Number of protein chains: 2
Amino acid sequence: MAKSVSGFSKLTKQEKVDWLTAHFTNVGIEAKEILQQYWNEDRILQSLHDDFVENTLTNFYLPYAIAPNFVINKKNYAIPMVIEESSVVAAASMVAKFWSSRGGIKTKILSTIKSGQIHLIYHGSSEGLQLYFDKMKPQLLRATENITENMRQRGGGILDLKLKNITHELDNYYQIHVEFDTKDSMGANFINTCLEAIANEFRRPDIEIVMSILSNYVPECVVRAEVSCPVEELYEENALHFAQKFVQAVKIAAVEPYRAVTHNKGIMNGVDAVVIATGNDFRAVEAGVHAFAARNGKYSSLSHAEIKDGKFRFWIDLPLSLGTVGGLTKLHPLAKLSLEILDNPNAEELMQIVAAAGLAQNFAALRALTTTGIQKGHMKLHLTNIIKLLNAKEDEKQFLIQYFENKTISHKAVVDKYYEMRREKE
Amino acid sequence: MAKSVSGFSKLTKQEKVDWLTAHFTNVGIEAKEILQQYWNEDRILQSLHDDFVENTLTNFYLPYAIAPNFVINKKNYAIPMVIEESSVVAAASMVAKFWSSRGGIKTKILSTIKSGQIHLIYHGSSEGLQLYFDKMKPQLLRATENITENMRQRGGGILDLKLKNITHELDNYYQIHVEFDTKDSMGANFINTCLEAIANEFRRPDIEIVMSILSNYVPECVVRAEVSCPVEELYEENALHFAQKFVQAVKIAAVEPYRAVTHNKGIMNGVDAVVIATGNDFRAVEAGVHAFAARNGKYSSLSHAEIKDGKFRFWIDLPLSLGTVGGLTKLHPLAKLSLEILDNPNAEELMQIVAAAGLAQNFAALRALTTTGIQKGHMKLHLTNIIKLLNAKEDEKQFLIQYFENKTISHKAVVDKYYEMRREKE
């Protein structure tokens, strides 16, 4: 069948494009042009980007933007954000400026432990396995000495390893839980290599090693970001009412999962934008953060707010496993530049910057939701997008923007008005 | 202070670049070149991408790749994937091919309901509020008629709305929970506009509307993807042992959150890659999926596996709110092309394709983990990346690849070997 293929990965990029557009697009020539218009003229640069993954055909553009005016622990930052959603960068910039004149955002690292597990099945006695583990422990550590040498020189390495009995959850299931400090690297390769070495050393005919793998759940690698100010400095008019409504909105996200998911999604708009801009893995961060939000048995808000002694306080604790060395951080020229723009932070500093971006995003969303509603800003952008799709001319665009200033915007309403306007012009 | 700025958003792109590189980079000229080398030559195309968000300085490249040989419900697909992580596309392609000769991937839509909430505080009696809601309900629906007209013509709209009493969780907290069918649009703007119209209509001096907003938690907008085959067709040698170990690995992810998070992260590698390639919002999908994974009180595996009557079965249920119209789907030329490559699916078909990509990714990860270990493939790519950073020549590269064929790869080991090799050459 023509729509299946053998040896695809071995074709050249052009051959891949030819095969794809011949079999899966209606106007092959046009499709080719779309793919090729995104190729970079600089062949060496393009080849660098092609090699990041397999079967690359072209570059998918995501906007690389800047949110200036962040003050984090009294230091100024302009934060690079990679995101396709409108309003996010504008909101971050606005909130950063707002808090910059109210003491800025304060952050601190609460912990930096990451972990990995060797999952195993053992049919013998728990006591026997524990004895074997205790006896083997020094040997298991020795088996990783070569791998961890470099990391130990940087102050990291294996912190601890212990045998966990999880047979109450699953028959004969145990795990060796290993804790790591991976310093400025995200540490995935390092952790996995250590785990496989330990597993090999631990292996015995009667122990079945099911798998050895790092965990993206990092509830002990946590950063806090917070803002606070006297209530009266918070809002132009009726600051106390604003503050109370804001706190109410956070409390709702604490008790209601339907709201908590969207509340936290907004936080991740800010988090992921910086994670991607610095060459980190946003799927790992997303998984770890949302599982953390559910750690007490019910999916809940990641941020918290209170009014106490006339002071408004808003804060977030985020589990973040990030790297400023390794992975794409130095390979992707824009990731490397992002780190330079952020004054070449170490991993702990990057955690703090990312958490600040997440907190700012959450503040912006809650402020909009509890005051004018989120749609005012969104719909203005929605309107612009619809006008773009209509290929409206500049004067038509201005007319439509004015016309919908105080009206409800829907796709149909804009399209109808556009054609009405054109009919009138004829 | 020079590192803070006023009116940044009003500067031209070039002025933004100038300000940023002057204040936040060491070698401003070099930083400018890095940003500008990613600009597209086509000014109109570049301006389109610039306008997606605010303060855009350049385009962040993510590889746009193709995983061919997917067979989903007997139809052939080549799936566009946007991802920066190596191995993901190769794994998807490999697994797609594997299952294409074993009946392909089967998918079906389980439900398509989305929701939004009007969160409110009311200090009076619950019964009184319920009476007011019941009386107002027809009027609330009428208030949205203009907004929903278009959607209703397409077969969607508001399905139901009810008052929920959540005062047992938070004092005086109620919500109007509204259910929607948004057909082929993701529906965020539509839902939010409807909710704000309902909230305005419901407003009364003694009812405080805290906020009105869609939910990204979509446990009733779920798609299933599955594969199955006789156990003996599953693996070259000792198929039953492989199948049992595979099922064991899935069971471990069901009971152990540290494993479940990473297990699901792997699924999201496949899911997000297609979500981004088609112009959808991956933060919304991530938040909804991970909260769903925690819905029973403990964060758990999204996929399931069993051996029954000699048959291996592996499946996943995923909550996915996606659009094939609206948002960036038609605005981003590559998102539009992705949809064409996928034969212009409607939202339900796209849900199925995305779920298939997630399932394939999970199968690949579990197969690697339970057989050769995940590091074999990863480290080969890690090695290539280290060699790239060393600027090694082609013959040096080949030497290092051969040398590390059966050795443990670490950054230090490769760098040491590289310099040893160079010293020997001198």
# chains A, B, ... in the order shown; residues from 1 in each chain; ligands from 1
$ residues_around --residues "B:Asn172" --least-positions-apart "2" --cutoff "7 Å" --atoms "only C-alpha atoms" --output "list in words"
Ile121, Tyr122, His123, Thr167, Leu170 and Tyr174 of chain B
$ write_last_selection --atoms "C-alpha atoms" --output "short mmCIF file (atom, residue, chain, number, x, y, z; two decimals), in the first residue's frame"
data_model
loop_
_atom_site.label_atom_id
_atom_site.label_comp_id
_atom_site.auth_asym_id
_atom_site.auth_seq_id
_atom_site.Cartn_x
_atom_site.Cartn_y
_atom_site.Cartn_z
CA ILE B 121 -20.99 33.24 46.95
CA TYR B 122 -24.45 33.51 48.49
CA HIS B 123 -25.16 34.08 52.17
CA THR B 167 -21.13 24.86 50.92
CA LEU B 170 -16.42 26.18 51.43
CA TYR B 174 -22.28 27.56 44.99
#
$ interface_residues --of "chain A" --to "chain B" --cutoff "6 Å" --atoms "only C-alpha atoms" --output "number ranges by chain"
A: 4, 24-25, 53-66, 69, 86, 89-90, 210-211, 215-217, 258, 261-262, 265, 283, 287, 290, 297-298, 341, 369-370
$ select_by_dssp --residues "stretch 26-209 of chain A" --states "strand (DSSP E or B)" --output "MDAnalysis selection string"
chainID A and resid 56:72 75:82 105:109 114:122 157:165 173:181 185 204 207:209
$ select_by_dssp --residues "stretch 196-398 of chain A" --states "alpha helix (DSSP H)" --output "PyMOL selection string"
chain A and resi 196-202+239-255+257-277+282-293+333-341+347-370+375-389+394-398
$ residues_around --residues "A:Gly103" --least-positions-apart "3" --cutoff "8 Å" --atoms "only C-alpha atoms" --output "short mmCIF file (atom, residue, chain, number, x, y, z; two decimals) with C-alpha atoms, in the first residue's frame"
data_model
loop_
_atom_site.label_atom_id
_atom_site.label_comp_id
_atom_site.auth_asym_id
_atom_site.auth_seq_id
_atom_site.Cartn_x
_atom_site.Cartn_y
_atom_site.Cartn_z
CA LYS A 74 15.65 42.36 44.13
CA TRP A 99 4.86 43.87 41.71
CA SER A 100 8.20 45.51 40.86
CA VAL A 227 4.36 38.35 46.64
CA SER A 228 2.92 40.43 49.44
CA CYS A 229 1.97 44.00 50.22
#
$ closest_residue --among "A:Val414, A:Ala364, A:Leu302, A:Lys108" --to "A:Ala253" --atoms "only C-alpha atoms"
A:Leu302
$ decode --residues "stretch 58-88 of chain A" --atoms "N, CA, C and O atoms" --output "PDB file, in the first residue's frame"
ATOM      1  N   THR A  58      10.800  20.042   8.897  1.00  0.00           N
ATOM      2  CA  THR A  58      10.949  21.493   8.900  1.00  0.00           C
ATOM      3  C   THR A  58      10.933  22.001  10.345  1.00  0.00           C
ATOM      4  O   THR A  58      10.997  21.194  11.290  1.00  0.00           O
ATOM      5  N   ASN A  59      10.882  23.319  10.498  1.00  0.00           N
ATOM      6  CA  ASN A  59      10.868  23.935  11.830  1.00  0.00           C
ATOM      7  C   ASN A  59       9.469  24.441  12.145  1.00  0.00           C
ATOM      8  O   ASN A  59       8.883  25.164  11.348  1.00  0.00           O
ATOM      9  N   PHE A  60       8.937  24.042  13.277  1.00  0.00           N
ATOM     10  CA  PHE A  60       7.654  24.581  13.722  1.00  0.00           C
ATOM     11  C   PHE A  60       7.958  25.832  14.523  1.00  0.00           C
ATOM     12  O   PHE A  60       8.683  25.780  15.512  1.00  0.00           O
ATOM     13  N   TYR A  61       7.408  26.968  14.084  1.00  0.00           N
ATOM     14  CA  TYR A  61       7.658  28.230  14.780  1.00  0.00           C
ATOM     15  C   TYR A  61       6.743  28.364  15.989  1.00  0.00           C
ATOM     16  O   TYR A  61       5.525  28.297  15.869  1.00  0.00           O
ATOM     17  N   LEU A  62       7.332  28.615  17.118  1.00  0.00           N
ATOM     18  CA  LEU A  62       6.568  29.128  18.262  1.00  0.00           C
ATOM     19  C   LEU A  62       7.126  30.514  18.558  1.00  0.00           C
ATOM     20  O   LEU A  62       8.351  30.717  18.486  1.00  0.00           O
ATOM     21  N   PRO A  63       6.271  31.476  18.882  1.00  0.00           N
ATOM     22  CA  PRO A  63       6.783  32.817  19.151  1.00  0.00           C
ATOM     23  C   PRO A  63       7.743  32.821  20.343  1.00  0.00           C
ATOM     24  O   PRO A  63       7.454  32.217  21.381  1.00  0.00           O
ATOM     25  N   TYR A  64       8.880  33.484  20.158  1.00  0.00           N
ATOM     26  CA  TYR A  64       9.855  33.682  21.223  1.00  0.00           C
ATOM     27  C   TYR A  64       9.714  35.138  21.655  1.00  0.00           C
ATOM     28  O   TYR A  64      10.030  36.050  20.897  1.00  0.00           O
ATOM     29  N   ALA A  65       9.173  35.347  22.844  1.00  0.00           N
ATOM     30  CA  ALA A  65       8.842  36.706  23.287  1.00  0.00           C
ATOM     31  C   ALA A  65       9.547  37.041  24.596  1.00  0.00           C
ATOM     32  O   ALA A  65      10.175  36.182  25.220  1.00  0.00           O
ATOM     33  N   ILE A  66       9.422  38.283  24.990  1.00  0.00           N
ATOM     34  CA  ILE A  66      10.086  38.754  26.209  1.00  0.00           C
ATOM     35  C   ILE A  66       9.079  39.437  27.140  1.00  0.00           C
ATOM     36  O   ILE A  66       8.300  40.276  26.696  1.00  0.00           O
ATOM     37  N   ALA A  67       9.099  39.050  28.399  1.00  0.00           N
ATOM     38  CA  ALA A  67       8.313  39.747  29.424  1.00  0.00           C
ATOM     39  C   ALA A  67       9.294  40.507  30.316  1.00  0.00           C
ATOM     40  O   ALA A  67      10.002  39.903  31.130  1.00  0.00           O
ATOM     41  N   PRO A  68       9.362  41.827  30.149  1.00  0.00           N
ATOM     42  CA  PRO A  68      10.344  42.601  30.915  1.00  0.00           C
ATOM     43  C   PRO A  68       9.820  42.952  32.308  1.00  0.00           C
ATOM     44  O   PRO A  68       8.689  42.619  32.667  1.00  0.00           O
ATOM     45  N   ASN A  69      10.651  43.604  33.076  1.00  0.00           N
ATOM     46  CA  ASN A  69      10.269  44.227  34.349  1.00  0.00           C
ATOM     47  C   ASN A  69       9.999  43.266  35.501  1.00  0.00           C
ATOM     48  O   ASN A  69       9.335  43.626  36.466  1.00  0.00           O
ATOM     49  N   PHE A  70      10.505  42.047  35.397  1.00  0.00           N
ATOM     50  CA  PHE A  70      10.438  41.154  36.562  1.00  0.00           C
ATOM     51  C   PHE A  70      11.501  41.562  37.569  1.00  0.00           C
ATOM     52  O   PHE A  70      12.651  41.816  37.202  1.00  0.00           O
ATOM     53  N   VAL A  71      11.105  41.657  38.820  1.00  0.00           N
ATOM     54  CA  VAL A  71      12.082  41.827  39.898  1.00  0.00           C
ATOM     55  C   VAL A  71      11.935  40.618  40.814  1.00  0.00           C
ATOM     56  O   VAL A  71      10.875  40.408  41.415  1.00  0.00           O
ATOM     57  N   ILE A  72      12.968  39.795  40.850  1.00  0.00           N
ATOM     58  CA  ILE A  72      12.939  38.565  41.653  1.00  0.00           C
ATOM     59  C   ILE A  72      14.099  38.639  42.649  1.00  0.00           C
ATOM     60  O   ILE A  72      15.262  38.760  42.244  1.00  0.00           O
ATOM     61  N   ASN A  73      13.776  38.575  43.909  1.00  0.00           N
ATOM     62  CA  ASN A  73      14.791  38.727  44.949  1.00  0.00           C
ATOM     63  C   ASN A  73      15.675  39.947  44.683  1.00  0.00           C
ATOM     64  O   ASN A  73      16.898  39.873  44.729  1.00  0.00           O
ATOM     65  N   LYS A  74      15.011  41.050  44.348  1.00  0.00           N
ATOM     66  CA  LYS A  74      15.647  42.362  44.127  1.00  0.00           C
ATOM     67  C   LYS A  74      16.512  42.446  42.865  1.00  0.00           C
ATOM     68  O   LYS A  74      17.201  43.453  42.644  1.00  0.00           O
ATOM     69  N   LYS A  75      16.489  41.424  42.045  1.00  0.00           N
ATOM     70  CA  LYS A  75      17.280  41.462  40.810  1.00  0.00           C
ATOM     71  C   LYS A  75      16.343  41.613  39.612  1.00  0.00           C
ATOM     72  O   LYS A  75      15.279  41.000  39.581  1.00  0.00           O
ATOM     73  N   ASN A  76      16.735  42.452  38.636  1.00  0.00           N
ATOM     74  CA  ASN A  76      15.889  42.673  37.456  1.00  0.00           C
ATOM     75  C   ASN A  76      16.051  41.577  36.408  1.00  0.00           C
ATOM     76  O   ASN A  76      17.181  41.171  36.106  1.00  0.00           O
ATOM     77  N   TYR A  77      14.956  41.165  35.851  1.00  0.00           N
ATOM     78  CA  TYR A  77      14.978  40.164  34.782  1.00  0.00           C
ATOM     79  C   TYR A  77      14.057  40.573  33.645  1.00  0.00           C
ATOM     80  O   TYR A  77      13.002  41.187  33.863  1.00  0.00           O
ATOM     81  N   ALA A  78      14.460  40.229  32.427  1.00  0.00           N
ATOM     82  CA  ALA A  78      13.549  40.216  31.282  1.00  0.00           C
ATOM     83  C   ALA A  78      13.445  38.736  30.924  1.00  0.00           C
ATOM     84  O   ALA A  78      14.452  38.096  30.624  1.00  0.00           O
ATOM     85  N   ILE A  79      12.246  38.181  31.030  1.00  0.00           N
ATOM     86  CA  ILE A  79      12.121  36.723  30.942  1.00  0.00           C
ATOM     87  C   ILE A  79      11.682  36.270  29.542  1.00  0.00           C
ATOM     88  O   ILE A  79      10.641  36.692  29.048  1.00  0.00           O
ATOM     89  N   PRO A  80      12.486  35.418  28.906  1.00  0.00           N
ATOM     90  CA  PRO A  80      12.111  34.875  27.598  1.00  0.00           C
ATOM     91  C   PRO A  80      10.984  33.861  27.772  1.00  0.00           C
ATOM     92  O   PRO A  80      11.034  33.019  28.673  1.00  0.00           O
ATOM     93  N   MET A  81       9.967  33.983  26.931  1.00  0.00           N
ATOM     94  CA  MET A  81       8.830  33.073  27.002  1.00  0.00           C
ATOM     95  C   MET A  81       8.521  32.549  25.607  1.00  0.00           C
ATOM     96  O   MET A  81       8.409  33.324  24.666  1.00  0.00           O
ATOM     97  N   VAL A  82       8.398  31.244  25.488  1.00  0.00           N
ATOM     98  CA  VAL A  82       8.013  30.631  24.213  1.00  0.00           C
ATOM     99  C   VAL A  82       6.605  30.087  24.371  1.00  0.00           C
ATOM    100  O   VAL A  82       6.376  29.151  25.148  1.00  0.00           O
ATOM    101  N   ILE A  83       5.665  30.695  23.688  1.00  0.00           N
ATOM    102  CA  ILE A  83       4.267  30.309  23.847  1.00  0.00           C
ATOM    103  C   ILE A  83       3.458  30.767  22.641  1.00  0.00           C
ATOM    104  O   ILE A  83       3.761  31.797  22.041  1.00  0.00           O
ATOM    105  N   GLU A  84       2.440  29.976  22.304  1.00  0.00           N
ATOM    106  CA  GLU A  84       1.621  30.330  21.142  1.00  0.00           C
ATOM    107  C   GLU A  84       0.320  31.002  21.557  1.00  0.00           C
ATOM    108  O   GLU A  84      -0.435  31.476  20.706  1.00  0.00           O
ATOM    109  N   GLU A  85       0.023  31.054  22.870  1.00  0.00           N
ATOM    110  CA  GLU A  85      -1.261  31.593  23.336  1.00  0.00           C
ATOM    111  C   GLU A  85      -1.167  33.098  23.575  1.00  0.00           C
ATOM    112  O   GLU A  85      -0.298  33.563  24.312  1.00  0.00           O
ATOM    113  N   SER A  86      -2.098  33.841  22.995  1.00  0.00           N
ATOM    114  CA  SER A  86      -2.076  35.283  23.178  1.00  0.00           C
ATOM    115  C   SER A  86      -2.422  35.635  24.623  1.00  0.00           C
ATOM    116  O   SER A  86      -2.991  34.826  25.341  1.00  0.00           O
ATOM    117  N   SER A  87      -2.070  36.818  25.046  1.00  0.00           N
ATOM    118  CA  SER A  87      -2.334  37.387  26.380  1.00  0.00           C
ATOM    119  C   SER A  87      -1.321  36.968  27.442  1.00  0.00           C
ATOM    120  O   SER A  87      -1.110  37.710  28.409  1.00  0.00           O
ATOM    121  N   VAL A  88      -0.701  35.813  27.302  1.00  0.00           N
ATOM    122  CA  VAL A  88       0.162  35.298  28.366  1.00  0.00           C
ATOM    123  C   VAL A  88       1.358  36.221  28.612  1.00  0.00           C
ATOM    124  O   VAL A  88       1.646  36.592  29.752  1.00  0.00           O
TER     125      VAL A  88
END
